[in-house]
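S.K.: My questions all concern the structure below.
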Amino acid sequence: MIRLSNVSWRRERKANAPVLSNLSFSVPQGGFRWLLGPSGAGKTSLLSLLHVENLPSDGTLCLLDKDVTAQTPRSVLVRLRQRIGMVHQNFRLMPGLSVADNVALPLRLQYRPEDEITDEVQAILKWVGLGDRLDARASRLSGGEQQRTAIARAIVHRPGLILADEPTNALEEPQAHKLLDMFSELSSMGTTVIVATHNEALVRRLPRPALVLERGRLVQDGT
Ligand SMILES: Nc1ncnc2c1ncn2[C@@H]1O[C@H](COP(=O)(O)OP(=O)(O)OP(=O)(O)O)[C@@H](O)[C@H]1O
Ligand SMILES: [Mg+2]
């Protein structure tokens, strides 16, 4: 379901040092992988390729059975991206929209009926503990509330692939554990999940294979 073969990525076309060098790995459908490595190793950059925000400079990338290349039609890439849920390191909420409207975005992109959207959004926000903040503007939220909104937005449309970049750094420990249990459950039901983290206690709590990056290279792929 995810397959990279000799993928490299340069931030600019002519930059000589690639940010990601020669990555080859695959993750089956329903697989859970930690994405580990020191600050600056390239975790966020790799997630930006898997979220189709950037395209590989070299090598081949296959996601959800689609090849992702510069030749792939834009409409295909856009639809592919809608099947992926992403929790960004810096949340990337729409600050002027309410919590409910932020979380509704992926469902509105699928043109789901509004009454269905209301129900789904309420249920997921209740689950992340924001059931009473539906109408709050995103710009008025605390860091932890923003992160929980971003998590709700990433999973509300039941994507086939969930990417999460440090999804627990603004959360308290019980919330972090609850989130992890949910990711683990989603993966056992067939969703592929990749979680970048620095939190070793979290990794020890949920032992799963890890992709480890160092200076843009994959130095470990496995347990
Ligand atoms: N906006 C940017 N412009 C230029 N270089 C950048 C930019 N963002 C990151 N980099 C560089 O790209 C490399 C990879 O960064 P990346 O953010 O992918 O690392 P990371 O593993 O996610 O780090 P962290 O754990 O701190 O989030 C680093 O050398 C970093 O300095
Ligand atoms: Mg990062």
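How things are named: the first chain in the structure tokens is A, the next is B, and so on; residues count from 1 in each chain; ligands count from 1 in the order shown.
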Using DSSP on the backbone, list every residue of range 28-126 of chain A that comes out as helix (DSSP H, G or I), and give them as a PyMOL selection string.
M.R.: chain A and resi 43-50+74-82+99-109+114-126
S.K.: Selected residues, N, CA and C atoms, written as a tab-separated table (two decimals), in the first residue's frame, please.
M.R.:
```tsv
chain	number	residue	atom	x	y	z
A	43	LYS	N	11.91	13.57	9.09
A	43	LYS	CA	10.61	12.92	9.34
A	43	LYS	C	9.46	13.71	8.71
A	44	THR	N	9.41	15.00	9.00
A	44	THR	CA	8.33	15.82	8.43
A	44	THR	C	8.43	15.85	6.91
A	45	SER	N	9.65	15.90	6.39
A	45	SER	CA	9.83	15.91	4.93
A	45	SER	C	9.30	14.63	4.31
A	46	LEU	N	9.58	13.49	4.94
A	46	LEU	CA	9.08	12.23	4.41
A	46	LEU	C	7.55	12.20	4.46
A	47	LEU	N	6.98	12.67	5.56
A	47	LEU	CA	5.51	12.70	5.65
A	47	LEU	C	4.92	13.62	4.57
A	48	SER	N	5.64	14.69	4.20
A	48	SER	CA	5.12	15.59	3.16
A	48	SER	C	5.09	14.89	1.79
A	49	LEU	N	5.99	13.93	1.58
A	49	LEU	CA	5.91	13.14	0.33
A	49	LEU	C	4.75	12.15	0.41
A	50	LEU	N	4.58	11.52	1.58
A	50	LEU	CA	3.52	10.52	1.72
A	50	LEU	C	2.14	11.18	1.71
A	74	ARG	N	-2.96	15.95	-12.01
A	74	ARG	CA	-3.21	16.65	-10.76
A	74	ARG	C	-4.50	16.19	-10.08
A	75	SER	N	-5.53	15.92	-10.90
A	75	SER	CA	-6.82	15.50	-10.32
A	75	SER	C	-6.66	14.18	-9.57
A	76	VAL	N	-5.81	13.30	-10.09
A	76	VAL	CA	-5.58	12.01	-9.42
A	76	VAL	C	-4.87	12.24	-8.09
A	77	LEU	N	-3.88	13.15	-8.09
A	77	LEU	CA	-3.13	13.44	-6.86
A	77	LEU	C	-4.04	14.07	-5.80
A	78	VAL	N	-4.93	14.95	-6.25
A	78	VAL	CA	-5.84	15.63	-5.32
A	78	VAL	C	-6.78	14.60	-4.68
A	79	ARG	N	-7.31	13.69	-5.51
A	79	ARG	CA	-8.22	12.68	-4.97
A	79	ARG	C	-7.49	11.72	-4.02
A	80	LEU	N	-6.26	11.41	-4.40
A	80	LEU	CA	-5.44	10.53	-3.56
A	80	LEU	C	-5.24	11.17	-2.19
A	81	ARG	N	-4.92	12.46	-2.20
A	81	ARG	CA	-4.66	13.18	-0.96
A	81	ARG	C	-5.90	13.21	-0.06
A	82	GLN	N	-7.08	13.21	-0.69
A	82	GLN	CA	-8.31	13.22	0.11
A	82	GLN	C	-8.55	11.89	0.83
A	99	VAL	N	-14.24	25.11	15.23
A	99	VAL	CA	-13.73	23.75	15.41
A	99	VAL	C	-14.53	22.79	14.53
A	100	ALA	N	-15.86	22.89	14.57
A	100	ALA	CA	-16.70	21.96	13.81
A	100	ALA	C	-16.45	22.10	12.30
A	101	ASP	N	-16.31	23.33	11.82
A	101	ASP	CA	-16.09	23.51	10.38
A	101	ASP	C	-14.71	23.02	9.95
A	102	ASN	N	-13.71	23.16	10.81
A	102	ASN	CA	-12.40	22.60	10.49
A	102	ASN	C	-12.49	21.09	10.33
A	103	VAL	N	-13.18	20.45	11.26
A	103	VAL	CA	-13.25	18.99	11.24
A	103	VAL	C	-14.14	18.51	10.09
A	104	ALA	N	-15.11	19.34	9.70
A	104	ALA	CA	-16.02	18.95	8.62
A	104	ALA	C	-15.35	18.99	7.24
A	105	LEU	N	-14.21	19.70	7.13
A	105	LEU	CA	-13.61	19.90	5.79
A	105	LEU	C	-13.45	18.64	4.96
A	106	PRO	N	-12.84	17.57	5.50
A	106	PRO	CA	-12.66	16.38	4.65
A	106	PRO	C	-13.98	15.79	4.18
A	107	LEU	N	-15.04	15.91	5.00
A	107	LEU	CA	-16.35	15.36	4.62
A	107	LEU	C	-17.01	16.24	3.57
A	108	ARG	N	-16.81	17.56	3.68
A	108	ARG	CA	-17.39	18.46	2.68
A	108	ARG	C	-16.72	18.24	1.33
A	109	LEU	N	-15.42	17.92	1.35
A	109	LEU	CA	-14.73	17.65	0.08
A	109	LEU	C	-15.29	16.41	-0.59
A	114	GLU	N	-25.22	17.26	4.62
A	114	GLU	CA	-24.90	18.08	5.79
A	114	GLU	C	-25.35	17.45	7.11
A	115	ASP	N	-26.51	16.77	7.12
A	115	ASP	CA	-26.95	16.21	8.41
A	115	ASP	C	-26.01	15.08	8.85
A	116	GLU	N	-25.50	14.34	7.86
A	116	GLU	CA	-24.55	13.27	8.17
A	116	GLU	C	-23.25	13.89	8.70
A	117	ILE	N	-22.83	14.99	8.04
A	117	ILE	CA	-21.59	15.67	8.46
A	117	ILE	C	-21.72	16.15	9.91
A	118	THR	N	-22.86	16.76	10.24
A	118	THR	CA	-23.07	17.25	11.61
A	118	THR	C	-22.92	16.12	12.62
A	119	ASP	N	-23.55	14.97	12.32
A	119	ASP	CA	-23.49	13.84	13.26
A	119	ASP	C	-22.06	13.32	13.42
A	120	GLU	N	-21.37	13.14	12.28
A	120	GLU	CA	-20.01	12.57	12.33
A	120	GLU	C	-19.07	13.51	13.09
A	121	VAL	N	-19.20	14.82	12.80
A	121	VAL	CA	-18.31	15.81	13.42
A	121	VAL	C	-18.56	15.86	14.93
A	122	GLN	N	-19.83	15.85	15.32
A	122	GLN	CA	-20.14	15.87	16.75
A	122	GLN	C	-19.58	14.65	17.45
A	123	ALA	N	-19.74	13.49	16.82
A	123	ALA	CA	-19.28	12.25	17.45
A	123	ALA	C	-17.77	12.26	17.64
A	124	ILE	N	-17.05	12.66	16.61
A	124	ILE	CA	-15.58	12.59	16.70
A	124	ILE	C	-15.06	13.65	17.67
A	125	LEU	N	-15.71	14.82	17.69
A	125	LEU	CA	-15.25	15.87	18.62
A	125	LEU	C	-15.56	15.49	20.07
A	126	LYS	N	-16.65	14.78	20.27
A	126	LYS	CA	-16.94	14.29	21.60
A	126	LYS	C	-15.84	13.30	22.02
```
S.K.: Please identify all protein, DNA and RNA residues within 9 Å of ligand 2, counting only C-alpha atoms and all ligand atoms, and report them as a list in words.
M.R.: Ser39, Gly40, Ala41, Gly42, Lys43, Thr44, Ser45, Leu47, His88, Gln89, Asp165, Glu166, Ala196 and Thr197 of chain A
S.K.: Export N, CA and C atoms of the chosen residues as a tab-separated table (two decimals), in the first residue's frame?
M.R.:
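For reference, selection-v1.tsv as written:
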```tsv
chain	number	residue	atom	x	y	z
A	39	SER	N	16.01	15.34	15.55
A	39	SER	CA	15.47	16.56	14.95
A	39	SER	C	16.27	16.91	13.70
A	40	GLY	N	15.58	17.20	12.62
A	40	GLY	CA	16.26	17.54	11.37
A	40	GLY	C	16.56	16.33	10.49
A	41	ALA	N	16.20	15.12	10.96
A	41	ALA	CA	16.52	13.90	10.20
A	41	ALA	C	15.70	13.77	8.92
A	42	GLY	N	14.53	14.43	8.88
A	42	GLY	CA	13.73	14.36	7.66
A	42	GLY	C	12.35	13.74	7.84
A	43	LYS	N	11.91	13.57	9.09
A	43	LYS	CA	10.61	12.92	9.34
A	43	LYS	C	9.46	13.71	8.71
A	44	THR	N	9.41	15.00	9.00
A	44	THR	CA	8.33	15.82	8.43
A	44	THR	C	8.43	15.85	6.91
A	45	SER	N	9.65	15.90	6.39
A	45	SER	CA	9.83	15.91	4.93
A	45	SER	C	9.30	14.63	4.31
A	47	LEU	N	6.98	12.67	5.56
A	47	LEU	CA	5.51	12.70	5.65
A	47	LEU	C	4.92	13.62	4.57
A	88	HIS	N	-0.68	17.50	11.11
A	88	HIS	CA	0.57	18.24	10.92
A	88	HIS	C	1.22	18.58	12.25
A	89	GLN	N	2.55	18.68	12.23
A	89	GLN	CA	3.32	19.02	13.43
A	89	GLN	C	2.83	20.36	14.00
A	165	ASP	N	2.29	13.63	12.62
A	165	ASP	CA	3.61	14.20	12.89
A	165	ASP	C	3.63	14.73	14.32
A	166	GLU	N	4.26	14.02	15.21
A	166	GLU	CA	4.29	14.40	16.64
A	166	GLU	C	2.88	14.69	17.14
A	196	ALA	N	5.18	9.88	13.46
A	196	ALA	CA	6.51	10.41	13.78
A	196	ALA	C	6.49	10.89	15.22
A	197	THR	N	7.51	10.53	15.98
A	197	THR	CA	7.56	10.98	17.37
A	197	THR	C	8.98	11.00	17.92
```
S.K.: Which one is closest to ligand 1: A:Ser188, A:Ala154, A:Pro18, A:Ile2? Count only C-alpha atoms and all ligand atoms.
M.R.: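 Checking each of A:Ser188, A:Ala154, A:Pro18, A:Ile2 against ligand 1, counting only C-alpha atoms and all ligand atoms, the winner is A:Pro18.
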S.K.: Expressed in Å to a single decimal, how great is the separation between CA of Ser24 in chain A and CA of Pro209 in chain A?
M.R.: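 Atom-to-atom, CA of Ser24 in chain A to CA of Pro209 in chain A, that is 15.3 Å.
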S.K.: Pick the closest to Ser139 in chain A from A:Ser98, A:Gln175, A:Ser187, A:Asn199: which is it, counting only C-alpha atoms?
M.R.: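 When distances to Ser139 in chain A are compared using only C-alpha atoms, the smallest one comes from A:Ser98.
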S.K.: Find the distance between CA of Thr191 in chain A and CA of Ile84 in chain A and write it in Å to one decimal.
M.R.: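 Here the two named atoms are 10.1 Å from each other.
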S.K.: Name all residues at most 10 Å from range 7-10 of chain A (count only C-alpha atoms; drop same-chain ones fewer than 6 positions away) and give them as a list in words.
M.R.: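 That gives Asn16, Ala17, Pro18, Val19, Leu20, Ser21, Asn22, Leu23, Ser24, Phe25, Ser45, Leu46, Leu49, Asn54, Leu55, Pro56, Ser57, Asp58, Gly59, Thr60, Leu61, Gly216 and Arg217 of chain A.
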S.K.: Between A:Leu63, A:Ala15, A:Leu186, A:Val27, single out the one closest to ligand 1, counting only C-alpha atoms and all ligand atoms.
M.R.: A:Ala15
S.K.: Return as an NGL selection string the full set of residues in range 68-203 of chain A whose backbone-based DSSP assignment is strand (DSSP E).
M.R.: :A and (84-87 or 161-165 or 192-196)
S.K.: Point out the residue among A:Arg13, A:Arg137, A:Arg215, A:Lys178 with the least atom-to-atom distance to ligand 1, counting only C-alpha atoms and all ligand atoms.
M.R.: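 Ranked by minimum distance to ligand 1, first place goes to A:Arg215.
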S.K.: So that I can see what lies close to Trp34 in chain A, please list as a VMD selection string the residues with an atom at most 12 Å from it, counting only C-alpha atoms and leaving out residues fewer than 5 positions away in the same chain.
M.R.: chain A and resid 27 43 47 162 to 167 180 183 to 184 192 to 200 202 to 213 220 to 223
S.K.: Given only C-alpha atoms and all ligand atoms as the basis, pick out the residue of A:Ala136, A:Leu35, A:Val52, A:Leu179 nearest to ligand 1.
M.R.: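 Going through A:Ala136, A:Leu35, A:Val52, A:Leu179 one by one, the smallest distance to ligand 1 is for A:Leu35.
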S.K.: Of the residues A:Leu171, A:Arg3, A:Leu93, A:Ser26, which is the one nearest to Arg140 in chain A, using only C-alpha atoms?
M.R.: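 Counting only C-alpha atoms, the residue closest to Arg140 in chain A is A:Leu93.
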